[in-house]
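Novice: File protein-v5.txt follows (compact mmCIF, C-alpha atoms):
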# COMPACT_ATOMS: atom_id res chain seq x y z
CA MET A 474 123.60 8.47 43.58
CA VAL A 475 121.68 8.66 46.86
CA VAL A 476 122.70 6.31 49.66
CA THR A 477 119.61 5.39 51.65
CA LYS A 478 119.10 3.64 54.95
CA GLU A 479 119.08 0.16 53.36
CA HIS A 480 122.81 0.42 52.59
CA VAL A 481 124.05 0.64 56.20
CA ALA A 482 122.22 -0.59 59.29
CA VAL A 483 122.39 1.25 62.60
CA ASP A 484 121.41 0.20 66.09
CA ARG A 485 117.76 1.28 66.34
CA SER A 486 117.74 0.69 70.10
CA LYS A 487 120.27 3.47 70.64
CA ARG A 488 119.31 7.11 71.16
CA PHE A 489 121.55 9.03 68.75
CA SER A 490 122.66 12.60 69.44
CA PRO A 491 123.20 15.04 66.53
CA ARG A 492 126.97 14.67 66.98
CA GLU A 493 126.73 10.88 66.81
CA ILE A 494 124.60 11.07 63.68
CA ALA A 495 127.18 13.42 62.15
CA ASP A 496 129.97 10.99 63.14
CA VAL A 497 128.20 8.10 61.39
CA LEU A 498 127.63 10.12 58.22
CA ARG A 499 131.18 11.47 58.34
CA GLU A 500 132.52 7.91 58.50
CA ARG A 501 130.42 6.96 55.47
CA ILE A 502 131.98 9.88 53.60
CA ARG A 503 135.47 8.89 54.74
CA VAL A 504 135.22 5.26 53.60
CA GLY A 505 133.51 6.17 50.32
CA ASP A 506 129.99 4.91 50.99
CA LEU A 507 129.01 8.51 50.33
CA LYS A 508 131.13 10.02 47.56
CA ALA A 509 131.70 13.58 46.41
CA GLY A 510 128.58 14.75 44.57
CA ASP A 511 126.23 12.21 46.20
CA ARG A 512 123.12 13.57 47.84
CA LEU A 513 122.39 12.68 51.43
CA PRO A 514 119.15 10.83 52.15
CA THR A 515 116.25 13.15 52.98
CA GLN A 516 115.78 14.41 56.52
CA ALA A 517 112.76 12.12 56.85
CA GLU A 518 114.81 9.09 55.77
CA LEU A 519 117.67 9.90 58.14
CA ALA A 520 115.26 10.59 61.01
CA ASP A 521 113.65 7.20 60.42
CA GLU A 522 117.03 5.45 60.13
CA PHE A 523 118.39 6.87 63.38
CA GLY A 524 115.09 6.92 65.25
CA VAL A 525 115.24 10.65 66.01
CA GLU A 526 113.31 13.84 65.29
CA ARG A 527 114.15 15.83 62.18
CA GLY A 528 115.62 18.59 64.34
CA ALA A 529 118.44 16.25 65.39
CA VAL A 530 119.12 15.45 61.73
CA ARG A 531 119.22 19.16 60.86
CA GLN A 532 121.77 19.76 63.62
CA ALA A 533 123.90 16.86 62.36
CA VAL A 534 123.79 18.27 58.83
CA ARG A 535 124.88 21.68 60.13
CA LEU A 536 127.83 20.06 61.92
CA LEU A 537 128.93 18.38 58.69
CA ALA A 538 128.45 21.62 56.75
CA ASP A 539 130.59 23.51 59.30
CA LEU A 540 133.35 20.98 58.62
CA GLY A 541 133.15 21.63 54.88
CA LEU A 542 131.91 18.11 54.13
CA LEU A 543 128.61 19.16 52.54
CA ARG A 544 127.51 21.68 49.92
CA ASP A 545 124.13 22.99 48.72
CA VAL A 546 122.86 22.75 52.29
CA SER A 547 120.06 25.32 52.06
CA LYS A 548 118.70 24.77 48.54
CA GLY A 549 115.52 22.90 49.46
CA SER A 550 116.77 19.42 48.54
CA PRO A 551 119.18 17.12 50.41
CA PRO A 552 122.72 18.52 50.43
CA ARG A 553 125.53 16.96 48.43
CA VAL A 554 128.86 15.63 49.66
CA ALA A 555 131.55 18.22 48.96
CA GLU A 556 134.76 17.55 47.10
CA PRO A 557 137.73 16.69 49.35
CA ALA A 558 139.80 19.71 50.42
CA THR A 559 142.77 18.43 48.41
CA ALA A 560 140.63 18.42 45.28
CA ARG A 561 139.31 21.93 45.89
CA SER A 562 142.60 23.71 46.47
CA GLY A 563 146.35 23.38 46.21
CA PRO A 564 148.92 23.93 48.94
CA GLN A 565 148.03 26.70 51.37
CA PRO A 566 149.98 28.81 53.87
CA THR A 567 150.07 27.15 57.26
CA MET A 568 147.74 29.60 58.99
CA VAL A 569 145.19 29.22 56.18
CA GLY A 570 145.29 25.45 55.75
CA LEU A 571 145.95 24.12 59.25
CA SER A 572 143.06 25.51 61.30
CA PRO A 573 140.17 24.10 59.19
CA ARG A 574 141.85 20.71 59.03
CA LEU A 575 142.33 20.66 62.79
CA THR A 576 138.67 21.60 63.17
CA ASP A 577 137.77 18.64 60.98
CA ALA A 578 140.09 16.39 62.99
CA PHE A 579 138.38 17.36 66.26
CA ALA A 580 135.00 16.14 65.01
CA VAL A 581 135.83 12.47 65.66
CA PRO A 582 135.44 10.74 69.05
CA HIS A 583 139.18 10.09 69.55
CA VAL A 584 141.45 12.86 68.27
CA ARG A 585 145.07 11.87 67.54
CA ILE A 586 147.54 14.54 66.44
CA ASP A 587 151.29 14.07 65.98
CA VAL A 588 153.47 17.07 65.16
CA VAL A 589 157.09 17.78 64.24
CA CYS A 590 157.82 21.49 64.51
CA HIS A 591 160.33 24.10 65.58
CA THR A 592 158.06 25.74 68.16
CA ALA A 593 154.38 25.17 68.95
CA GLU A 594 153.35 28.68 67.91
CA THR A 595 151.44 27.79 64.74
CA LEU A 596 149.74 24.78 66.32
CA MET A 597 148.80 26.84 69.38
CA LEU A 598 147.12 29.48 67.21
CA ALA A 599 145.44 27.01 64.84
CA LEU A 600 143.84 25.14 67.75
CA GLY A 601 141.81 28.24 68.60
CA GLU A 602 138.93 27.34 66.28
CA PRO A 603 138.40 23.70 67.36
CA LEU A 604 138.69 24.75 71.00
CA ARG A 605 136.07 27.45 70.43
CA LEU A 606 133.71 24.87 68.90
CA ILE A 607 134.21 22.59 71.90
CA HIS A 608 133.42 25.41 74.33
CA GLU A 609 130.30 26.27 72.28
CA GLY A 610 129.17 22.64 72.46
CA ARG A 611 129.26 22.16 68.69
CA VAL A 612 131.86 19.38 68.81
CA ARG A 613 132.87 17.16 71.70
CA PRO A 614 135.52 14.47 71.30
CA ASP A 615 135.77 11.83 74.01
CA ALA A 616 139.59 11.82 74.04
CA ILE A 617 142.44 13.94 72.66
CA ASP A 618 146.01 12.65 72.25
CA VAL A 619 148.67 15.12 71.09
CA ARG A 620 152.36 14.29 70.68
CA ILE A 621 154.83 17.02 69.71
CA LEU A 622 158.49 16.73 68.70
CA VAL A 623 160.59 19.91 68.97
CA PRO A 624 164.36 20.52 68.96
CA SER A 625 166.27 20.01 72.18
CA ARG A 626 167.52 23.03 74.10
CA ASP A 627 170.97 21.41 74.29
CA ILE A 628 171.83 21.31 70.59
CA ASN A 629 173.35 23.92 68.30
CA LEU A 630 170.33 24.83 66.21
CA ALA A 631 170.78 25.16 62.47
CA PHE A 632 168.24 28.01 62.71
CA PRO A 633 167.43 30.47 64.06
CA VAL A 634 171.04 31.48 64.32
CA SER A 635 172.86 34.79 64.53
CA VAL A 636 174.25 36.06 61.24
CA GLU A 637 177.54 36.64 63.06
CA GLY A 638 177.66 33.09 64.36
CA ARG A 639 177.06 31.49 67.74
CA SER A 640 178.41 32.75 71.03
CA ASP A 641 178.48 31.39 74.58
CA GLU A 642 175.51 33.56 75.58
CA ASP A 643 173.67 33.48 72.29
CA PRO A 644 170.59 35.77 72.56
CA VAL A 645 169.08 34.23 69.41
CA HIS A 646 169.07 30.80 71.05
CA LYS A 647 167.69 32.25 74.30
CA ARG A 648 164.86 33.93 72.40
CA TRP A 649 163.98 30.69 70.58
CA LEU A 650 164.04 28.68 73.81
CA ALA A 651 161.80 31.17 75.62
CA MET A 652 159.32 31.05 72.73
CA ARG A 653 159.41 27.24 72.49
CA ASN A 654 158.68 26.83 76.19
CA ALA A 655 156.05 29.57 76.54
CA GLN A 656 154.06 28.54 73.47
CA GLY A 657 154.21 24.88 74.42
CA GLN A 658 152.98 25.64 77.93
CA VAL A 659 150.03 27.68 76.62
CA LEU A 660 149.07 24.92 74.18
CA GLN A 661 149.32 22.27 76.89
CA HIS A 662 147.27 24.33 79.34
CA ASN A 663 144.52 25.10 76.81
CA LEU A 664 144.10 21.44 75.91
CA GLU A 665 144.40 19.98 79.40
CA ALA A 666 141.85 22.49 80.72
CA LEU A 667 139.24 20.54 78.74
CA ARG A 668 139.47 17.79 81.36
CA SER A 669 137.89 19.96 84.03
CA THR A 670 135.62 22.05 81.82
CA HIS A 671 134.22 19.29 79.58
CA GLY A 672 135.32 15.96 81.05
CA ILE A 673 137.40 15.13 77.97
CA GLU A 674 140.31 12.73 78.39
CA VAL A 675 143.38 14.71 77.28
CA ARG A 676 147.01 13.66 76.93
CA VAL A 677 149.65 16.11 75.69
CA ALA A 678 153.29 15.03 75.50
CA PHE A 679 156.46 16.73 74.25
CA ARG A 680 159.77 15.10 73.38
CA ALA A 681 163.06 16.69 72.29
CA LEU A 682 164.87 15.99 69.03
CA PRO A 683 168.68 15.97 68.78
CA PHE A 684 168.51 17.88 65.45
CA THR A 685 166.81 20.85 63.81
CA PRO A 686 163.93 19.60 61.65
CA PRO A 687 164.01 21.24 58.19
CA VAL A 688 160.27 20.61 57.72
CA LYS A 689 157.10 20.85 59.78
CA MET A 690 154.65 17.97 59.78
CA TYR A 691 151.14 17.43 61.14
CA LEU A 692 149.61 13.94 61.28
CA LEU A 693 145.85 14.09 61.83
CA ASN A 694 143.95 11.02 63.07
CA GLY A 695 145.94 8.70 60.83
CA GLU A 696 143.93 10.08 57.89
CA GLU A 697 145.96 13.05 56.64
CA VAL A 698 149.51 14.36 56.80
CA LEU A 699 150.39 18.00 56.17
CA LEU A 700 154.00 18.77 55.25
CA GLY A 701 155.68 22.15 54.89
CA TYR A 702 159.25 23.33 54.35
CA TYR A 703 160.86 25.85 56.66
CA MET A 704 162.08 28.60 54.30
CA LEU A 705 165.05 30.49 55.72
CA THR A 706 165.41 34.23 55.52
CA ARG A 707 167.58 36.89 57.07
CA ARG A 708 165.68 39.22 59.34
CA GLU A 709 166.01 41.51 62.35
CA GLU A 710 163.90 41.48 65.49
CA LYS A 711 163.88 43.47 68.72
CA TRP A 712 164.22 41.25 71.79
CA GLN A 713 165.00 42.39 75.35
CA SER A 714 166.44 45.74 74.24
CA GLN A 715 168.62 44.05 71.61
CA THR A 716 168.32 43.97 67.84
CA LEU A 717 168.87 40.40 66.70
CA ASP A 718 170.21 39.94 63.17
CA MET A 719 169.54 36.31 62.37
CA TYR A 720 168.77 33.61 59.85
CA ASP A 721 165.30 32.34 60.72
CA ALA A 722 162.20 30.70 59.28
CA LEU A 723 158.67 32.04 59.57
CA GLY A 724 156.81 28.77 60.00
CA SER A 725 153.36 30.33 59.78
CA LYS A 726 154.06 31.22 56.13
CA SER A 727 155.24 27.75 55.08
CA LEU A 728 153.08 26.18 52.39
CA LEU A 729 151.40 23.00 53.62
CA PHE A 730 151.07 20.08 51.21
CA SER A 731 148.28 17.64 52.05
CA PHE A 732 148.31 13.87 51.60
CA GLU A 733 145.09 12.02 52.49
CA ARG A 734 144.45 8.31 52.89
CA ARG A 735 141.30 8.52 50.82
CA ALA A 736 143.07 10.27 47.93
CA GLY A 737 144.60 7.03 46.61
CA GLU A 738 147.43 4.56 47.07
CA ARG A 739 150.23 7.10 46.61
CA ASP A 740 148.95 9.46 49.30
CA ALA A 741 148.07 6.57 51.60
CA ALA A 742 151.61 5.17 51.30
CA PHE A 743 153.16 8.57 52.04
CA LEU A 744 150.88 8.97 55.06
CA ALA A 745 151.85 5.52 56.38
CA GLU A 746 155.58 6.19 55.98
CA SER A 747 155.24 9.60 57.64
CA GLN A 748 153.56 7.98 60.63
CA LYS A 749 156.29 5.33 60.83
CA TRP A 750 158.94 8.09 60.68
CA PHE A 751 157.30 10.02 63.50
CA ASP A 752 156.84 6.91 65.66
CA ALA A 753 160.48 5.91 65.14
CA LEU A 754 161.72 9.35 66.22
CA TRP A 755 159.40 9.33 69.23
CA GLU A 756 160.49 5.87 70.39
CA THR A 757 164.25 6.01 69.70
CA ILE A 758 166.45 9.13 69.60
CA SER A 759 164.10 11.73 71.09
CA THR A 760 164.36 12.41 74.82
CA ASP A 761 162.05 13.46 77.65
CA LEU A 762 161.22 17.15 77.62
CA THR A 763 159.97 19.36 80.42
CA LEU A 764 158.87 22.83 79.32
CA SER A 765 160.30 25.37 81.75
Give the structure from this file in structure tokens form.

Specialist:
Amino acid sequence: MVVTKEHVAVDRSKRFSPREIADVLRERIRVGDLKAGDRLPTQAELADEFGVERGAVRQAVRLLADLGLLRDVSKGSPPRVAEPATARSGPQPTMVGLSPRLTDAFAVPHVRIDVVCHTAETLMLALGEPLRLIHEGRVRPDAIDVRILVPSRDINLAFPVSVEGRSDEDPVHKRWLAMRNAQGQVLQHNLEALRSTHGIEVRVAFRALPFTPPVKMYLLNGEEVLLGYYMLTRREEKWQSQTLDMYDALGSKSLLFSFERRAGERDAAFLAESQKWFDALWETISTDLTLS
């Protein structure tokens, strides 16, 4: 099936940029007007629909290809819509699966990301690619809202914890707290810097949980939720001239399971309940958090 310009009307009086063309096509893919395997209209048809030169269409197609939404881009005929990521692969380690999905999430005008995690380390690292694309001018959201729930500094963490048990001056807890604060500050700085460098409206907020979350969760634009279990292990690490023997979880190696709204009723219901769970934690038992 080829979806042509007669299916969806656009405002012909507007001057569309390549990013705006990509956003329109991306929305058609999201809602199912363009399905996996469908060919895009030809460059000539899209140029006529949007009232632009073919070069703008080619740039829009490249943006969609960079996001993994198109295949067969350079085979001489219009590219096809790619299979959804969940259909192409199973669960992936966090550092493999998170970054491309964040990159996809940053391609929309208003980015909304909600996270439950132990520290912001993985999120901080995974944001490197979408931030790079923003600085290169390849994507440019109008607004970015990020909310992050992490454990409070005042609780007895379930992990990481010393194998020998807690003490009044627990170095394992001090190490975790220093990491939580430093990584959160870097993430916040990198995002908020986009205000001055690119004029993007950015809001980053942290709140503290009164418990240790056993899972990590990423909610992306209300369209996808990624869930991973923190797997505990015993390990040693050097920290401030000490060797810490502790039970800890390496969050970057957690497998992320994806649930997408467009994948069907079951995934959509899980996504909706996950968002409700996050919102309830944010609005009730979590407390204000200042990273210091």

Novice: Env of Ser765 of chain A: 9 Å cut, atoms = all atoms listed in the file, seq-sep filter 5 positions within chain, self excluded. Answer as a ChimeraX atom specification.

Specialist: /A:651,654-655,658

Novice: If I take atom CA of Asp615 of chain A and atom CA of Arg492 of chain A, how far is one from the other in Å, to one decimal?

Specialist: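 Distance reported for this atom pair: 11.6 Å.
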
Novice: Quick one, how far is atom CA of Thr757 of chain A from atom CA of Leu622 of chain A?

Specialist: 12.2 Å

Novice: Using only C-alpha atoms, what does the table of segment 644-738 of chain A residues within 12 Å of segment 580-598 of chain A look like, with each row giving the shortest atom pair and its distance in Å to one decimal, sorted by chain and ascending number, as CSV?

Specialist:
residue,atom,partner,partner_atom,distance
A:Arg648,CA,A:Thr592,CA,11.5
A:Trp649,CA,A:Thr592,CA,8.1
A:Leu650,CA,A:Thr592,CA,8.7
A:Ala651,CA,A:Thr592,CA,10.0
A:Met652,CA,A:Thr592,CA,7.1
A:Arg653,CA,A:Thr592,CA,4.8
A:Asn654,CA,A:Thr592,CA,8.1
A:Ala655,CA,A:Ala593,CA,8.9
A:Gln656,CA,A:Glu594,CA,5.6
A:Gly657,CA,A:Ala593,CA,5.5
A:Gln658,CA,A:Ala593,CA,9.1
A:Val659,CA,A:Met597,CA,7.4
A:Leu660,CA,A:Met597,CA,5.2
A:Gln661,CA,A:Met597,CA,8.8
A:His662,CA,A:Met597,CA,10.4
A:Asn663,CA,A:Met597,CA,8.7
A:Leu664,CA,A:Met597,CA,9.7
A:Ile673,CA,A:His583,CA,10.0
A:Glu674,CA,A:His583,CA,9.3
A:Val675,CA,A:Val584,CA,9.4
A:Arg676,CA,A:Arg585,CA,9.8
A:Val677,CA,A:Ile586,CA,9.6
A:Ala678,CA,A:Asp587,CA,9.8
A:Phe679,CA,A:Val588,CA,9.6
A:Arg680,CA,A:Val589,CA,9.9
A:Ala681,CA,A:Val589,CA,10.1
A:Leu682,CA,A:Val589,CA,9.3
A:Phe684,CA,A:His591,CA,10.3
A:Thr685,CA,A:His591,CA,7.5
A:Pro686,CA,A:His591,CA,7.0
A:Pro687,CA,A:His591,CA,8.7
A:Val688,CA,A:Cys590,CA,7.3
A:Lys689,CA,A:Cys590,CA,4.8
A:Met690,CA,A:Val589,CA,5.1
A:Tyr691,CA,A:Val588,CA,4.7
A:Leu692,CA,A:Asp587,CA,5.0
A:Leu693,CA,A:Ile586,CA,4.9
A:Asn694,CA,A:Arg585,CA,4.7
A:Gly695,CA,A:Arg585,CA,7.5
A:Glu696,CA,A:Arg585,CA,9.9
A:Glu697,CA,A:Ile586,CA,10.0
A:Val698,CA,A:Asp587,CA,9.4
A:Leu699,CA,A:Val588,CA,9.5
A:Leu700,CA,A:Val589,CA,9.6
A:Gly701,CA,A:Cys590,CA,9.9
A:Tyr702,CA,A:Cys590,CA,10.4
A:Tyr703,CA,A:His591,CA,9.1
A:Asp721,CA,A:His591,CA,10.8
A:Ala722,CA,A:His591,CA,9.3
A:Leu723,CA,A:Thr595,CA,9.9
A:Gly724,CA,A:Thr595,CA,7.2
A:Ser725,CA,A:Thr595,CA,5.9
A:Lys726,CA,A:Thr595,CA,9.6
A:Ser727,CA,A:Thr595,CA,10.4

Novice: Output as JSON the centre and edge lengths (Å, one decimal) of the box along x, y and z of the file that holds every listed atom of segment 668-676 of chain A after adding 5 Å on each side.

Specialist:
{"center_x": 140.6, "center_y": 17.4, "center_z": 80.5, "size_x": 22.8, "size_y": 19.3, "size_z": 17.1}

Novice: Compare A:Glu493, A:Glu738, A:Asp752, A:Asp545 by their minimum atom-to-atom distance to Asp511 of chain A, counting all atoms listed in the file, and give me the closest one.

Specialist: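 Closest to Asp511 of chain A, using all atoms listed in the file: A:Asp545.
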
Novice: Nearest to Arg527 of chain A: which of A:Ala753, A:Ala599, A:Ala631, A:Ile494 is it, counting all atoms listed in the file?

Specialist: A:Ile494

Novice: For Val534 of chain A, which residue out of A:Arg605, A:Arg611, A:His646, A:Arg734 is the nearest one, using all atoms listed in the file?

Specialist: A:Arg611

Novice: Grab the atom CA of Leu575 of chain A to atom CA of Gly601 of chain A distance for me, in Å with one decimal place.

Specialist: 9.6 Å

Novice: Contacts of Asp539 of chain A at 10 Å or less, counting all atoms listed in the file, minus same-chain residues fewer than 4 places along, as a PDB file with C-alpha atoms, in the coordinates of the input?

Specialist:
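Written file, part12.pdb:
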ATOM      1  CA  ALA A 533     123.900  16.860  62.360  1.00  0.00           C
ATOM      2  CA  VAL A 534     123.790  18.270  58.830  1.00  0.00           C
ATOM      3  CA  ARG A 535     124.880  21.680  60.130  1.00  0.00           C
ATOM      4  CA  LEU A 543     128.610  19.160  52.540  1.00  0.00           C
ATOM      5  CA  PRO A 573     140.170  24.100  59.190  1.00  0.00           C
ATOM      6  CA  THR A 576     138.670  21.600  63.170  1.00  0.00           C
ATOM      7  CA  ASP A 577     137.770  18.640  60.980  1.00  0.00           C
ATOM      8  CA  ARG A 611     129.260  22.160  68.690  1.00  0.00           C
TER       9      ARG A 611
END

Novice: Using only C-alpha atoms, which residue out of A:Phe489, A:Ser635, A:Gly737, A:Glu642 lies closest to Glu522 of chain A?

Specialist: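 When distances to Glu522 of chain A are compared using only C-alpha atoms, the smallest one comes from A:Phe489.
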
Novice: Point out the residue among A:Asp496, A:Glu556, A:Asp761, A:Asp718 with the least atom-to-atom distance to Gly638 of chain A, counting all atoms listed in the file.

Specialist: A:Asp718

Novice: May I ask which of the residues A:Arg707, A:Lys647, A:Lys749, A:Arg735 is the closest one to Asp506 of chain A, counting all atoms listed in the file?

Specialist: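 The closest residue to Asp506 of chain A is A:Arg735.
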